[in-house]
Every structure is written in structure tokens, then in C-alpha cells.
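Trainee: Let me give you the structure first, and then I'll get to my questions.
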Amino acid sequence: MPGAPWAVGESDAPFALRRSTGWLSSYVATWKLACLEPAAFFRQVKVGAPGSAVLFGVMAMTVASWFQTLYGALMGAATRGMVQEMLRQVPQGAQFQDTWMVQWMSGTTVVGTLAQLFAAPFVAAIWILIWAGIYHVALLVLGAASRGFDATLTVVGYASGALLVGAAPVPGLANLVGAVWFSFAAAIGFREAQRTTNGKAWTALLLPFLAVCACCCAVAWMAFTGLSAFRVHGG
Amino acid sequence: MGPAEREARRPGIPEAYAAIAILSFAVARFLPVLDIHYQCTFMALTGLPCASCGMTHAFVSLAHGDGAGAWRASPLGALLAGGAWLYAVLDLLRLAAGRPWPALSVGTWRVMAIGAVGAAAANWAWMLWRAGVA
């Protein structure tokens, strides 16, 4: 289609052109492309300037985190009412009303909530940068990082848009759905942006977790053989 | 100032990593992170150290100038902390001088990545050996 941004060659993501097209509309357009059409998007997106991708991911994770904090505060308030009601029925429980203990048991304080809201964008930025580094090491080890770190960071940034699902009012499950969605978007993104195979892309995505599982298996094996030796020597 | 130097002086992704490294030093040096008694899940389940056990102690020890203590806590943690903080200093100097980072080939990066994974594995093997597994 003439004039379509994804017609030919490498193109800027709509979000990279946000100053001219508007923040909200460019964000929505990029989110649709990265999360609903990741193969075409990551195949053609420019990877030279990953700053926009990081900002995109930070915004998605921050909004999700703010909503999760809000739900946590509301649920904490409900828990607080329950705790206070319990204390009313316990002998001498009234002395604990409105103390730090009730706040702690209900899992929320005003300072804690404000701190979470303030820290959310910084935590999101650190999360994206650290995980991009870990995934890139995995891609390098597999020989699947032909287009460099910028491509990996671009994929992690834009794929993090899927974590916006965490803003849905289903605490726990929404984050799980967001994580699975992110995994699919990121794996497809690695395959397309690094011009590698499906197997290497998925292996790179899962390698950090596979390494942990392999380590657990190795320790279990060592523990098992150690116990066997103990039985032989002991019995 | 030429365009290349102007580009080299503009903060970007390398400076974001440098900021994380500086933040890690500030947290390790000035916040009482060791007072937070967190039980490692792997350690709780198996009684053995996980691959990253001792990292916090290593960062805190090195931030307080105790290199030997950092090495005892976790050799990889000590190297990681030292490397991260050295990187931050070098990046700030590079930024001030307006010089780019040296460009490394994908092959060189790959060798470094394999070395990093090998170092992590060796560190964990040593931690397990020290805990008396082998």
C-alpha cells in the first residue's frame, strides 16, 4: 500500500516519530504492531536508535505498575478493615488500632505506596536494560546476534509493551498473561531483528531459565549421588 | 567540535548502564541492604548456595573497600561489582573527552559472552565446592 509505514525496507517505529504524529496515537499504533504483528514489525523496524524502544517499554511497565500498586493499595485497605475488625474482637486488641502493626499487616503504607509509584519508571528502565543484556549474552553464545546489541534492546523495549496487560484489574493473572505475551513477542522479535532461526531465538529467550533448571538438576543429581554414597558406606 | 565528537558527547544507552552501575555502588555503600534478612529460595530448598548467592555481600564489601571480603563472599560478585564501577568511571571519562567506545567485532563480543557464562559456571562450582557438595 503506498505510504504505508511498513511497506518496504527498514522504517522507524511510529513511536519514534511521536513528536510529529502525537504521543498517544503513535504509542497505540506501535503497541498494535509490536504486540499483534511482531513478525512484520521486528523484521522492518530500525534498530539503530533503541532509545525510543526503551522509553516505549518503560511507559508500558510504569502504567502497569501504577495500576498494580493502586489495586494493592485498595486490597490493602480492605485487609486493613478486616484486621481492625479482628482486633476489636480480641481482648485488649483495641490498643493496636491504627498502629504501624495494622498498616504492616494490611501490607500498605502511604509512604510505601508513594515510593512504589515514584520508583516504577526507574525499576522498569533497569529491568529492560538488565534483561536486554542477559538475552544478548544468550544470543551471542548461540551465535545469533548478527545485528548487535541495539537490535536486542529494541526488541526487549518494544516487546515490553505487552506487559501493559498487567494494568488489567486481575492481580497476578494479568501479570502472568503479560509475561507470556512478552515471551512470544520477544522470541519472534529476536528471530526477525537478529535474522536468526526460531530455535535459536526461543533458546536465547529461555536459556537463562533453562540454565537455572539445569543447575537445579545438577544439584539434585549431586545430592542424589551423595545420598547413595552415604547409604553404601553407611549400610 | 565535529559531528563525531558531538555524537560521542551525547548521553545514550551506555550512560544508562553507567547510571545503573553508579546506583548499585550508592545502594551498596550507603543503604543498610544487609539488614534485610532475605532467605534465598534455592538455599532454603536445597541447603546449597545458588549461582548468585553472596553477590549482595560482595557488592557491599567492595563498596566499603574490603576487597578480600568481597572475594570471599563471591568471586564473581567482586569481579562484577569492580567491573561495573570501573565501566561507569571509564564511561564518564569517555563522555567528558568526547571519544567513542572502541568498536568490537561480533566475534569478540561472542568470546566475551562465552567467557562470562563460563565464569558464572566456575563461580557457582566453587561456591558449591566450598559448601561441601563435591
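Ordering of the C-alpha cells sets the chain letters (A, B, ...); residue numbers start at 1 within each chain; ligands are numbered from 1 in the order shown.
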Mind the document's chain letters and residue numbers, and return as a PyMOL selection string the residues of chain B that DSSP labels alpha helix (DSSP H).
Mentor: chain B and resi 3-9+13-30+41-46+55-63+67-73+75-97+106-130
Trainee: Could you please select, counting only C-alpha atoms, the residues of chain A within 6 Å of chain B and state them as a PyMOL selection string?
Mentor: chain A and resi 137+140-141
Trainee: How would the residues just chosen look if you wrote them out with C-alpha atoms as a short mmCIF file (atom, residue, chain, number, x, y, z; two decimals), in the first residue's frame?
Mentor:
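Saved to out_26.cif:
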data_model
loop_
_atom_site.label_atom_id
_atom_site.label_comp_id
_atom_site.auth_asym_id
_atom_site.auth_seq_id
_atom_site.Cartn_x
_atom_site.Cartn_y
_atom_site.Cartn_z
CA VAL A 137 24.67 -12.70 26.13
CA LEU A 140 25.93 -14.14 21.46
CA VAL A 141 26.66 -17.57 22.92
#
Trainee: With only C-alpha atoms as the basis for distance, which of A:Gly72, A:Gly81, A:Gly157, A:Gly178 is at the shortest distance from Gly133 of chain A?
Mentor: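 So, comparing all the options, the nearest one is A:Gly157.
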Trainee: Mind pulling up the distance from atom CA of Ala119 of chain A to atom CA of Leu95 of chain B?
Mentor: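 Computing it gives 26.7 Å between the two atoms.
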Trainee: Which residues come within 12 Å of Phe30 of chain B, counting only C-alpha atoms, excluding same-chain residues fewer than 2 positions away, as a PyMOL selection string?
Mentor: chain B and resi 22-28+32-34+59-61+63-64
Trainee: So how many Å separate atom CA of Val155 of chain A and atom CA of Ala64 of chain A, to one decimal?
Mentor: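 Atom-to-atom, atom CA of Val155 of chain A to atom CA of Ala64 of chain A, that is 19.0 Å.
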Trainee: Extract, using only C-alpha atoms, all DNA, RNA and protein residues at most 7 Å from Cys35 of chain A, discarding same-chain residues fewer than 5 positions from it, and format them as a list in words.
Mentor: Ala159, Ala162 and Ala185 of chain A
Trainee: Could you save the residues just selected, with C-alpha atoms, as a PDB file, in the first residue's frame?
Mentor:
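The resulting file, selection.pdb, is reproduced below:
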ATOM      1  CA  ALA A 159       8.060  -6.316  23.290  1.00  0.00           C
ATOM      2  CA  ALA A 162       2.884  -6.499  26.150  1.00  0.00           C
ATOM      3  CA  ALA A 185       6.695 -11.109  21.131  1.00  0.00           C
TER       4      ALA A 185
END
Trainee: Can you list, as a count of residues only, every protein, DNA or RNA residue that comes within 10 Å of Trp101 of chain B when you count only C-alpha atoms, leaving out same-chain residues fewer than 2 positions away?
Mentor: 10
Trainee: Would you work out the distance separating atom CA of Arg18 of chain A from atom CA of Thr30 of chain A, expressed in Å to one decimal?
Mentor: 10.1 Å
Trainee: So which one's closest to Ala131 of chain B, B:Met43, B:Leu93, B:Arg29, B:Ala21? Using only C-alpha atoms, please.
Mentor: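 The shortest atom-to-atom distance to Ala131 of chain B comes from B:Met43.
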Trainee: Which polymer residues have any atom within 9 Å of an atom of segment 181-183 of chain A, counting only C-alpha atoms, with same-chain residues fewer than 6 positions away left out, as JSON, numbers by chain?
Mentor: {"A": [35, 156, 159, 160, 161, 162, 163, 165, 202, 205, 206]}
Trainee: Determine, counting only C-alpha atoms, which protein, DNA and RNA residues have an atom within 7 Å of an atom of segment 48-59 of chain A; residues of the same chain fewer than 3 positions away are not included. Present the result as a ChimeraX atom specification.
Mentor: /A:15-16,62-63,121,124-125,150,153-154,157-158,160-161
